[in-house]
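One file, upload37.txt, is given below (compact mmCIF, C-alpha atoms).
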# COMPACT_ATOMS: atom_id res chain seq x y z
CA MET A 626 5.14 104.07 -9.27
CA SER A 627 7.27 101.52 -11.18
CA PHE A 628 8.15 102.14 -14.82
CA PRO A 629 6.22 99.09 -16.19
CA LEU A 630 3.09 100.12 -14.28
CA PHE A 631 3.42 103.73 -15.49
CA ILE A 632 3.61 102.64 -19.14
CA ALA A 633 0.75 100.16 -18.65
CA ARG A 634 -1.48 102.88 -17.23
CA ARG A 635 -0.67 105.18 -20.15
CA MET A 636 -1.55 102.38 -22.57
CA TYR A 637 -4.79 101.68 -20.74
CA ARG A 638 -5.81 105.34 -20.70
CA ASN A 639 -4.80 105.93 -24.30
CA SER A 640 -7.85 107.15 -26.18
CA ASP A 641 -6.26 106.76 -29.62
CA HIS A 642 -8.98 105.14 -31.74
CA SER A 643 -6.75 104.68 -34.74
CA ARG A 644 -5.70 101.23 -33.59
CA ARG A 645 -8.44 99.41 -35.36
CA VAL A 646 -6.99 95.96 -34.81
CA SER A 647 -6.38 95.96 -31.06
CA LYS A 648 -9.55 97.85 -30.18
CA PRO A 649 -11.94 95.00 -31.12
CA ALA A 650 -9.53 92.44 -29.69
CA VAL A 651 -9.47 94.23 -26.33
CA THR A 652 -13.26 94.59 -26.37
CA ILE A 653 -13.69 90.88 -27.10
CA ALA A 654 -11.21 89.96 -24.35
CA VAL A 655 -13.02 92.11 -21.77
CA ALA A 656 -16.39 90.76 -22.93
CA GLY A 657 -15.06 87.20 -22.62
CA ILE A 658 -13.96 87.80 -19.03
CA ALA A 659 -17.25 89.53 -18.13
CA THR A 660 -19.46 86.90 -19.76
CA GLY A 661 -17.52 84.00 -18.27
CA LEU A 662 -17.64 85.44 -14.74
CA ALA A 663 -21.35 86.29 -14.97
CA ILE A 664 -22.17 82.75 -16.12
CA MET A 665 -20.01 81.27 -13.35
CA ILE A 666 -21.71 83.42 -10.68
CA LEU A 667 -25.14 82.37 -11.93
CA SER A 668 -24.11 78.71 -12.20
CA ILE A 669 -22.81 78.59 -8.63
CA GLY A 670 -25.83 80.53 -7.35
CA ILE A 671 -28.32 78.26 -9.14
CA ALA A 672 -26.53 75.09 -7.98
CA ILE A 673 -26.49 76.26 -4.35
CA GLY A 674 -30.08 77.49 -4.50
CA PHE A 675 -31.38 74.38 -6.21
CA LYS A 676 -29.64 71.96 -3.85
CA ASN A 677 -30.78 73.87 -0.77
CA GLU A 678 -34.36 74.16 -2.04
CA VAL A 679 -34.71 70.48 -2.93
CA ARG A 680 -32.92 69.35 0.23
CA ALA A 681 -35.20 71.59 2.32
CA LYS A 682 -38.29 70.07 0.70
CA VAL A 683 -37.10 66.50 1.14
CA THR A 684 -36.17 67.06 4.78
CA GLY A 685 -39.34 69.10 5.35
CA ILE A 686 -41.43 66.15 4.18
CA GLY A 687 -39.39 63.33 5.74
CA THR A 688 -37.09 65.15 8.23
CA HIS A 689 -33.39 64.28 8.49
CA MET A 690 -33.77 60.74 9.82
CA GLN A 691 -36.42 58.07 10.26
CA ILE A 692 -36.66 55.10 12.58
CA GLY A 693 -38.84 52.31 11.23
CA SER A 694 -39.11 48.57 11.19
CA TYR A 695 -36.09 46.49 10.19
CA ASP A 696 -38.51 44.58 7.93
CA ARG A 697 -39.53 47.71 6.06
CA THR A 698 -40.25 47.34 2.34
CA GLU A 699 -40.73 49.72 -0.57
CA SER A 700 -44.49 49.58 -0.03
CA TYR A 701 -46.30 51.72 2.55
CA GLU A 702 -47.90 48.68 4.23
CA SER A 703 -45.29 48.80 6.97
CA THR A 704 -44.58 46.62 9.97
CA PRO A 705 -45.27 48.56 13.18
CA ILE A 706 -42.76 49.43 15.87
CA VAL A 707 -43.29 50.66 19.39
CA ALA A 708 -42.87 54.44 19.36
CA ASN A 709 -43.65 55.45 22.92
CA ASP A 710 -42.58 58.27 25.21
CA SER A 711 -39.78 56.27 26.86
CA LEU A 712 -38.06 55.62 23.52
CA MET A 713 -38.38 59.27 22.51
CA GLU A 714 -37.03 60.42 25.86
CA MET A 715 -34.06 58.04 25.56
CA LEU A 716 -33.21 59.43 22.11
CA TYR A 717 -33.53 63.06 23.26
CA THR A 718 -31.25 62.34 26.22
CA GLN A 719 -28.52 60.32 24.50
CA VAL A 720 -28.37 62.02 21.07
CA PRO A 721 -27.82 65.77 21.62
CA GLU A 722 -28.01 66.51 17.87
CA ILE A 723 -31.76 65.72 17.87
CA ALA A 724 -34.04 68.74 17.80
CA HIS A 725 -37.45 67.08 17.38
CA ILE A 726 -39.04 63.62 17.14
CA GLN A 727 -42.51 62.91 15.75
CA ARG A 728 -44.48 59.72 15.13
CA TYR A 729 -46.25 58.72 11.94
CA THR A 730 -48.30 55.82 10.57
CA THR A 731 -49.08 55.09 6.91
CA LYS A 732 -51.94 53.18 5.34
CA ALA A 733 -52.56 52.55 1.63
CA GLY A 734 -56.06 53.18 0.35
CA MET A 735 -58.27 54.38 -2.49
CA MET A 736 -60.65 57.32 -2.69
CA LYS A 737 -63.62 57.67 -4.97
CA THR A 738 -65.70 60.53 -6.27
CA ASP A 739 -68.46 60.51 -8.87
CA ASN A 740 -65.94 60.70 -11.71
CA GLN A 741 -62.55 59.65 -10.36
CA VAL A 742 -60.87 56.83 -8.48
CA GLN A 743 -57.42 57.48 -7.01
CA GLY A 744 -54.95 55.49 -4.93
CA PHE A 745 -53.28 57.29 -2.03
CA ILE A 746 -51.30 56.87 1.17
CA LEU A 747 -52.95 58.03 4.36
CA LYS A 748 -50.31 59.42 6.71
CA GLY A 749 -51.37 59.72 10.32
CA VAL A 750 -49.33 62.08 12.46
CA GLY A 751 -49.10 62.54 16.22
CA GLN A 752 -50.08 65.65 18.11
CA GLU A 753 -46.36 66.51 18.45
CA TYR A 754 -46.05 66.84 14.65
CA ASP A 755 -44.10 69.93 13.50
CA TRP A 756 -46.36 71.79 11.04
CA ARG A 757 -43.89 74.48 9.98
CA PHE A 758 -43.10 72.96 6.59
CA ILE A 759 -46.75 72.26 5.71
CA ARG A 760 -47.78 75.71 6.96
CA GLN A 761 -45.27 77.34 4.58
CA HIS A 762 -46.89 75.50 1.64
CA LEU A 763 -50.52 75.81 2.72
CA THR A 764 -52.71 77.19 -0.09
CA ALA A 765 -56.22 76.95 1.40
CA GLY A 766 -58.01 76.05 4.63
CA GLU A 767 -56.43 75.61 8.03
CA ILE A 768 -54.46 72.85 9.75
CA PRO A 769 -56.80 70.55 11.76
CA MET A 770 -56.35 69.99 15.48
CA PHE A 771 -55.28 66.34 15.62
CA THR A 772 -55.10 64.27 18.79
CA ASP A 773 -53.88 60.76 19.57
CA SER A 774 -57.08 59.53 21.21
CA VAL A 775 -59.97 60.67 18.99
CA ALA A 776 -60.61 60.19 15.27
CA SER A 777 -60.90 63.61 13.64
CA ASN A 778 -62.18 62.27 10.29
CA GLU A 779 -60.39 65.25 8.72
CA VAL A 780 -57.57 65.26 6.18
CA MET A 781 -55.19 67.55 4.35
CA MET A 782 -54.33 66.89 0.72
CA SER A 783 -52.37 68.57 -2.03
CA GLU A 784 -53.96 71.20 -4.23
CA GLN A 785 -52.98 69.18 -7.30
CA LEU A 786 -54.68 66.01 -6.03
CA ALA A 787 -57.80 67.96 -5.04
CA LYS A 788 -58.10 69.46 -8.53
CA LYS A 789 -57.65 66.04 -10.10
CA MET A 790 -60.46 64.62 -7.97
CA GLY A 791 -62.67 67.71 -8.30
CA LEU A 792 -62.62 68.41 -4.55
CA GLU A 793 -62.55 71.61 -2.49
CA ILE A 794 -62.25 72.67 1.13
CA GLY A 795 -65.12 71.29 3.17
CA ASP A 796 -65.95 68.47 0.74
CA LYS A 797 -66.33 64.95 2.06
CA VAL A 798 -64.56 62.13 0.27
CA TYR A 799 -65.13 58.38 0.64
CA THR A 800 -61.94 56.38 1.18
CA TYR A 801 -61.56 52.60 1.07
CA TYR A 802 -58.94 50.29 2.60
CA ILE A 803 -58.74 46.77 1.22
CA GLU A 804 -57.73 43.93 3.53
CA GLU A 805 -59.71 40.76 4.18
CA ASN A 806 -62.73 43.03 4.13
CA VAL A 807 -63.09 46.44 2.56
CA ARG A 808 -63.14 49.16 5.19
CA ALA A 809 -64.54 52.61 4.41
CA ARG A 810 -64.03 56.04 5.96
CA ARG A 811 -65.63 59.33 5.02
CA LEU A 812 -63.12 62.13 5.53
CA THR A 813 -63.58 65.90 5.37
CA ILE A 814 -61.01 68.04 3.54
CA LYS A 815 -59.81 70.77 5.90
CA ALA A 816 -56.73 72.16 4.13
CA LEU A 817 -54.83 72.10 0.83
CA PHE A 818 -51.06 72.38 0.37
CA LYS A 819 -48.67 72.59 -2.56
CA THR A 820 -45.03 71.56 -2.11
CA ASN A 821 -44.27 70.91 -5.83
CA PHE A 822 -42.73 67.62 -4.68
CA ALA A 823 -44.64 65.20 -6.93
CA GLU A 824 -43.89 62.06 -4.89
CA PHE A 825 -45.60 63.70 -1.91
CA ASP A 826 -48.30 65.86 -3.51
CA ASN A 827 -49.69 63.11 -5.75
CA LEU A 828 -49.78 60.46 -3.06
CA PHE A 829 -50.26 61.58 0.54
CA LEU A 830 -53.27 62.56 2.60
CA ILE A 831 -52.51 63.71 6.15
CA THR A 832 -54.73 62.83 9.08
CA ASP A 833 -54.39 62.03 12.78
CA LEU A 834 -52.32 59.12 14.09
CA TYR A 835 -55.33 57.56 15.86
CA THR A 836 -57.27 57.08 12.60
CA ALA A 837 -54.31 55.54 10.76
CA ASN A 838 -53.54 53.19 13.65
CA ARG A 839 -57.18 52.07 13.87
CA LEU A 840 -57.24 51.30 10.15
CA ASN A 841 -54.05 49.23 10.57
CA GLN A 842 -55.56 47.58 13.70
CA TRP A 843 -52.45 48.50 15.69
CA ARG A 844 -52.11 49.23 19.38
CA PRO A 845 -51.93 52.83 20.65
CA ASP A 846 -48.18 52.66 21.39
CA GLN A 847 -47.33 51.46 17.85
CA ALA A 848 -46.58 53.43 14.67
CA SER A 849 -44.96 52.98 11.28
CA GLY A 850 -41.99 54.94 12.52
CA MET A 851 -40.55 58.12 13.97
CA GLU A 852 -39.19 61.11 12.06
CA ILE A 853 -36.19 62.88 13.58
CA ALA A 854 -35.18 66.47 12.89
CA LEU A 855 -31.65 67.62 13.75
CA ASP A 856 -30.38 70.98 14.97
CA ASP A 857 -27.58 70.91 12.38
CA PRO A 858 -28.06 68.97 9.11
CA ALA A 859 -24.26 68.76 8.79
CA GLU A 860 -24.30 66.36 11.76
CA MET A 861 -26.65 63.93 9.98
CA GLU A 862 -24.07 61.23 9.33
CA HIS A 863 -22.80 61.29 12.90
CA ALA A 864 -26.34 61.34 14.31
CA THR A 865 -27.38 58.42 12.09
CA TYR A 866 -24.48 56.35 13.42
CA HIS A 867 -25.27 57.31 17.02
CA VAL A 868 -29.01 56.55 16.73
CA GLY A 869 -28.21 53.33 14.86
CA GLN A 870 -26.05 52.15 17.74
CA LEU A 871 -28.95 52.73 20.13
CA VAL A 872 -31.81 51.15 18.18
CA ASN A 873 -30.70 49.14 15.13
CA ARG A 874 -31.83 45.50 15.35
CA HIS A 875 -33.08 46.02 18.88
CA THR A 876 -36.57 44.59 19.32
CA ASP A 877 -39.62 46.10 21.00
CA HIS A 878 -41.86 44.15 23.38
CA TYR A 879 -43.90 42.85 20.42
CA GLY A 880 -40.79 41.33 18.83
CA ASN A 881 -40.34 43.85 15.97
CA SER A 882 -36.84 45.18 15.21
CA TYR A 883 -35.81 48.82 14.68
CA LEU A 884 -33.81 50.36 11.83
CA ALA A 885 -32.59 53.97 11.59
CA LEU A 886 -31.92 55.54 8.17
CA ASN A 887 -31.15 59.12 7.20
CA ILE A 888 -32.85 61.00 4.40
CA GLU A 889 -30.01 60.38 1.92
CA GLN A 890 -30.37 56.64 2.46
CA LEU A 891 -34.15 56.84 2.07
CA TYR A 892 -34.03 58.91 -1.14
CA PRO A 893 -30.70 57.95 -2.78
CA SER A 894 -31.83 58.79 -6.33
CA ILE A 895 -32.67 62.40 -5.44
CA PHE A 896 -29.38 63.04 -3.66
CA SER A 897 -27.38 61.30 -6.39
CA TRP A 898 -29.10 63.62 -8.84
CA LEU A 899 -28.08 66.62 -6.74
CA GLN A 900 -24.47 65.43 -6.76
CA VAL A 901 -24.56 65.38 -10.56
CA LEU A 902 -25.26 69.13 -10.39
CA ASP A 903 -21.82 69.63 -8.82
CA THR A 904 -20.22 67.89 -11.82
CA ASN A 905 -22.15 70.10 -14.22
CA VAL A 906 -21.07 73.22 -12.36
CA TRP A 907 -17.41 72.17 -12.47
CA VAL A 908 -17.68 71.61 -16.23
CA ILE A 909 -19.17 75.09 -16.67
CA LEU A 910 -16.48 76.68 -14.48
CA ILE A 911 -13.66 75.02 -16.42
CA LEU A 912 -15.15 75.94 -19.81
CA MET A 913 -15.86 79.55 -18.85
CA THR A 914 -12.42 80.01 -17.29
CA GLY A 915 -10.84 78.55 -20.44
CA VAL A 916 -12.87 80.86 -22.69
CA ALA A 917 -11.91 83.89 -20.61
CA GLY A 918 -8.25 82.90 -20.59
CA PHE A 919 -8.00 82.23 -24.33
CA THR A 920 -9.74 85.48 -25.25
CA MET A 921 -7.20 87.31 -23.10
CA ILE A 922 -4.34 85.40 -24.78
CA SER A 923 -5.54 86.38 -28.25
CA GLY A 924 -6.01 89.98 -27.13
CA LEU A 925 -2.51 90.13 -25.62
CA LEU A 926 -0.87 88.66 -28.73
CA ILE A 927 -2.62 91.20 -30.95
CA LEU A 928 -1.54 94.01 -28.63
CA ILE A 929 2.08 92.84 -28.70
CA LEU A 930 2.13 92.52 -32.48
CA GLU A 931 0.49 95.90 -32.99
CA ARG A 932 2.88 97.63 -30.60
CA THR A 933 6.03 96.03 -31.98
CA ASN A 934 7.55 99.42 -32.73
CA MET A 935 6.95 100.60 -29.17
CA ILE A 936 8.60 97.45 -27.84
CA GLY A 937 11.59 97.97 -30.11
CA LEU A 938 11.90 101.60 -29.01
CA LEU A 939 11.77 100.65 -25.32
CA LYS A 940 14.47 98.03 -25.89
CA ALA A 941 16.62 100.58 -27.74
CA LEU A 942 16.29 102.88 -24.72
CA GLY A 943 17.55 100.12 -22.44
CA ALA A 944 14.37 98.41 -21.20
CA THR A 945 14.81 94.69 -20.54
CA ASP A 946 12.54 91.96 -21.84
CA ASN A 947 11.31 91.36 -18.27
CA THR A 948 10.38 95.04 -17.85
CA ILE A 949 8.37 95.08 -21.08
CA ARG A 950 6.69 91.77 -20.22
CA LYS A 951 5.61 93.26 -16.89
CA THR A 952 4.23 96.28 -18.75
CA PHE A 953 1.95 94.16 -20.93
CA LEU A 954 0.96 91.91 -18.03
CA TYR A 955 0.00 94.97 -15.97
CA PHE A 956 -2.04 96.18 -18.95
CA ALA A 957 -3.72 92.78 -19.21
CA ILE A 958 -4.53 92.81 -15.47
CA MET A 959 -6.27 96.15 -15.93
CA LEU A 960 -8.36 94.71 -18.75
CA ILE A 961 -9.16 91.63 -16.65
CA GLY A 962 -10.18 93.90 -13.78
CA LYS A 963 -12.55 95.78 -16.07
CA GLY A 964 -14.03 92.49 -17.27
CA LEU A 965 -14.42 91.24 -13.69
CA LEU A 966 -16.22 94.44 -12.69
CA ILE A 967 -18.69 94.16 -15.57
CA GLY A 968 -19.15 90.43 -14.96
CA ASN A 969 -19.87 90.94 -11.26
CA ILE A 970 -22.45 93.62 -11.96
CA ALA A 971 -24.18 91.52 -14.64
CA GLY A 972 -24.11 88.24 -12.70
CA ILE A 973 -25.25 89.68 -9.37
CA ALA A 974 -27.94 91.81 -11.03
CA LEU A 975 -29.40 88.87 -12.96
CA GLY A 976 -29.28 86.70 -9.84
CA TRP A 977 -31.05 89.35 -7.76
CA LEU A 978 -33.73 89.82 -10.42
CA GLN A 979 -34.38 86.06 -10.49
CA GLN A 980 -34.60 85.97 -6.70
CA LYS A 981 -37.01 88.91 -6.68
CA PHE A 982 -39.27 88.24 -9.66
CA GLU A 983 -38.68 84.53 -10.55
CA PHE A 984 -39.03 85.24 -14.27
CA VAL A 985 -37.36 81.92 -15.27
CA HIS A 986 -39.81 79.10 -14.55
CA LEU A 987 -39.39 75.32 -14.33
CA ASP A 988 -41.68 72.32 -14.51
CA PRO A 989 -42.23 71.35 -10.84
CA ALA A 990 -43.09 67.78 -11.85
CA THR A 991 -39.49 67.34 -13.01
CA TYR A 992 -37.45 69.78 -10.93
CA TYR A 993 -39.50 69.95 -7.67
CA VAL A 994 -39.57 73.76 -7.90
CA ASP A 995 -41.65 76.07 -10.08
CA ALA A 996 -38.93 78.69 -10.65
CA VAL A 997 -35.14 78.63 -10.89
CA PRO A 998 -33.88 79.03 -7.29
CA ILE A 999 -30.70 81.01 -6.80
CA GLU A 1000 -28.63 81.88 -3.74
CA LEU A 1001 -25.78 84.35 -4.16
CA SER A 1002 -22.91 83.54 -1.83
CA PHE A 1003 -20.43 86.33 -1.09
CA SER A 1004 -17.60 83.90 -0.39
CA SER A 1005 -18.24 82.02 -3.66
CA ILE A 1006 -18.26 85.27 -5.66
CA VAL A 1007 -14.96 86.37 -4.10
CA LEU A 1008 -13.41 82.95 -4.79
CA LEU A 1009 -14.60 83.05 -8.42
CA ASN A 1010 -13.08 86.51 -8.92
CA VAL A 1011 -9.74 85.54 -7.40
CA SER A 1012 -9.62 82.24 -9.33
CA THR A 1013 -10.49 83.90 -12.65
CA LEU A 1014 -7.83 86.58 -12.11
CA VAL A 1015 -5.13 84.08 -11.14
CA VAL A 1016 -5.89 81.62 -13.97
CA SER A 1017 -6.09 84.37 -16.59
CA ILE A 1018 -2.76 85.88 -15.52
CA ALA A 1019 -1.14 82.42 -15.43
CA MET A 1020 -2.33 81.74 -18.98
CA LEU A 1021 -0.81 85.05 -20.16
CA ILE A 1022 2.70 84.44 -18.82
CA GLY A 1023 3.63 82.06 -21.65
CA PRO A 1024 2.45 84.25 -24.58
CA SER A 1025 4.20 87.28 -23.04
CA HIS A 1026 7.57 85.61 -23.83
CA LEU A 1027 6.93 86.60 -27.46
CA ILE A 1028 8.37 89.99 -26.51
CA SER A 1029 11.89 88.50 -26.17
CA ARG A 1030 11.85 87.57 -29.88
CA ILE A 1031 11.32 91.15 -31.02
CA LYS A 1032 14.59 92.85 -32.13
CA PRO A 1033 14.90 96.64 -31.92
CA ALA A 1034 16.46 96.99 -35.41
CA ARG A 1035 13.77 95.05 -37.21
CA SER A 1036 10.96 96.56 -35.16
CA MET A 1037 11.73 100.03 -36.62
CA GLN A 1038 10.37 98.74 -39.93
CA PHE A 1039 6.91 98.95 -38.39
CA GLU A 1040 7.12 102.73 -38.05
In structure tokens, write the structure found in this file.
Amino acid sequence: MSFPLFIARRMYRNSDHSRRVSKPAVTIAVAGIATGLAIMILSIGIAIGFKNEVRAKVTGIGTHMQIGSYDRTESYESTPIVANDSLMEMLYTQVPEIAHIQRYTTKAGMMKTDNQVQGFILKGVGQEYDWRFIRQHLTAGEIPMFTDSVASNEVMMSEQLAKKMGLEIGDKVYTYYIEENVRARRLTIKALFKTNFAEFDNLFLITDLYTANRLNQWRPDQASGMEIALDDPAEMEHATYHVGQLVNRHTDHYGNSYLALNIEQLYPSIFSWLQVLDTNVWVILILMTGVAGFTMISGLLILILERTNMIGLLKALGATDNTIRKTFLYFAIMLIGKGLLIGNIAGIALGWLQQKFEFVHLDPATYYVDAVPIELSFSSIVLLNVSTLVVSIAMLIGPSHLISRIKPARSMQFE
């Protein structure tokens, strides 16, 4: 064991409580490290969890990509495109990133009960529709058996919309579709879901593709578009480019042009909002690292000043400034290590409790989730620990040069 490390360990293990100045300073420094690391672990975990949760909901509702009409507008009265088996087979064959393709058709309408009138979008889906996302958020009833050739006259709606309209499972609701003439359909509610995604829950009713196409007076091989799910979301940009090369501005046999967009292009405001979270996290990391570093600096300076006589004695015995600096830096590393240990325990424990019990709630109308989501990443925690240790030590190197200004003769006055 080196001499500086030996002295540092003796200082760290010293149980002398008579040093009333350094004791609180050391405690504050350790607390600063622990608090900063715990907050950073929670911040990273919440940012990762929140982004993954919102992204999963957006892609669960709209998948990773959509192919629609080149003349698409912000309204849901879309121009149809041909979405037949040959086009789907071509995409499966030439774009290996594609995992699943499903057709959909939308139609704007209004529904009426005795006390309420509500606008909505009827979304018709094909029999190949992937129900996994809806099934995860199903709150009542069961998913209907939809086909492409028969009108089921059954719908699924959100729990929130059903409560607003005073409807329950099995109720029949009259819906109206206004064109040149008002067309009416009586639909039976078969299932309720709750995604906490307001843009979807407050607007969409899900039915079969045949019913939606009939209301639009479209042909059987037409649809509003196709939703494409990918095997790996990280390949979304590449897949969008590849699909775009195959279909963009190509026309079907009715003269309508195709356009492929990914989910980030369809919902730019949501994904821009998620990117802002990264900026907030970086601000928190910088602030917490600065707080931890400055508390350690103040603690080290107090330790040096309080142990001036010890420094003078070591110099009188032949110890160099560099040796004594190493001694105090080793001591500081031990304190940082203690703070990191406490911070890891606190941060991971709080994160696990939130994952398990979800005791911190959010307004789903604003945040798309009803509780703070958190995902603890082992690699992120390790990186935070290493970064905090390195930055804290780097910030202590400068103040440790104060030792070179202490003279052995004058330091004896502190005895």
**Request:** Return the single residue from A:Thr904, A:Thr832, A:Thr800, A:Thr718 that is closest to Thr772 of chain A, with distances computed using all atoms listed in the file.
**Result:** A:Thr832
**Message:** Rounded to one decimal, what separation in Å do you get between atom CA of Met715 of chain A and atom CA of His878 of chain A?
**Reply:** 16.1 Å
**Asked** Pick the closest to Asp877 of chain A from A:Ala656, A:Leu1008, A:Ile692, A:Ile706: which is it, counting all atoms listed in the file?
**Response**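 Of A:Ala656, A:Leu1008, A:Ile692, A:Ile706, the one nearest Asp877 of chain A, counting all atoms listed in the file, is A:Ile706.
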**Message:** If I take atom CA of Ile768 of chain A and atom CA of Leu855 of chain A, how far is one from the other in Å, to one decimal?
**Reply:** 23.7 Å
**Fill in**
Judged by all atoms listed in the file, the minimum distance to Ser1017 of chain A among A:Leu930, A:Ser777, A:Ile958, A:Gln727 is found for A:Ile958
**Request:** To one decimal in Å, tell me the separation between atom CA of Thr704 of chain A and atom CA of Val679 of chain A.
**Result:**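 Those two atoms sit 28.9 Å apart.
Using all atoms listed in the file, the shortest contact distance between Tyr883 of chain A and any of A:Gly744, A:Gly968, A:Pro998, A:Pro705 is found at A:Pro705.
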**Fill in**
Of A:Asp739, A:Glu862, A:Asp696, A:Asp903, the one nearest to Asn881 of chain A when counting only C-alpha atoms is A:Asp696
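When all atoms listed in the file are used to compute distances to Asp710 of chain A, the closest of the residues A:Met851, A:Met782, A:Ile666, A:Leu834 turns out to be A:Met851.
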**Residue contacts of Gly670 of chain A (12 Å, all atoms listed in the file) excluding same-chain residues fewer than 3 positions away, as a ChimeraX atom specification** = /A:663-667,673-678,902-903,906,972-973,975-977,979-980,997-1006,1009
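Only residues having an atom at most 9 Å from (-66.5, 64.0, -1.4) are included; using only C-alpha atoms, these are A:Met736, A:Lys737, A:Thr738, A:Asp739, A:Met790, A:Gly791, A:Leu792, A:Glu793, A:Gly795, A:Asp796, A:Lys797, A:Val798, A:Tyr799, A:Arg811, A:Leu812, A:Thr813, A:Ile814.
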**Prompt:** Got a sec: who's within 7 Å of segment 916-923 of chain A, counting all atoms listed in the file, leaving out chain neighbours fewer than 6 positions off, as a list in words?
**Reply:**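 Residues near the query, excluding close chain neighbours: Ile653, Ala654, Gly657, Ile658, Gly661, Ser1017, Met1020, Leu1021 and Pro1024 of chain A.
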Include C-alpha atoms and write out the residues we just selected as a PDB file, in the frame of the given file.
ATOM      1  CA  ILE A 653     -13.690  90.880 -27.100  1.00  0.00           C
ATOM      2  CA  ALA A 654     -11.210  89.960 -24.350  1.00  0.00           C
ATOM      3  CA  GLY A 657     -15.060  87.200 -22.620  1.00  0.00           C
ATOM      4  CA  ILE A 658     -13.960  87.800 -19.030  1.00  0.00           C
ATOM      5  CA  GLY A 661     -17.520  84.000 -18.270  1.00  0.00           C
ATOM      6  CA  SER A1017      -6.090  84.370 -16.590  1.00  0.00           C
ATOM      7  CA  MET A1020      -2.330  81.740 -18.980  1.00  0.00           C
ATOM      8  CA  LEU A1021      -0.810  85.050 -20.160  1.00  0.00           C
ATOM      9  CA  PRO A1024       2.450  84.250 -24.580  1.00  0.00           C
TER      10      PRO A1024
END
**Request:** Excluding Ile746 of chain A and residues on its chain fewer than 6 positions from it, collect all residues at most 8 Å away from it, counting all atoms listed in the file, and give them as a PyMOL selection string.
**Result:** chain A and resi 701+731-734+828-830
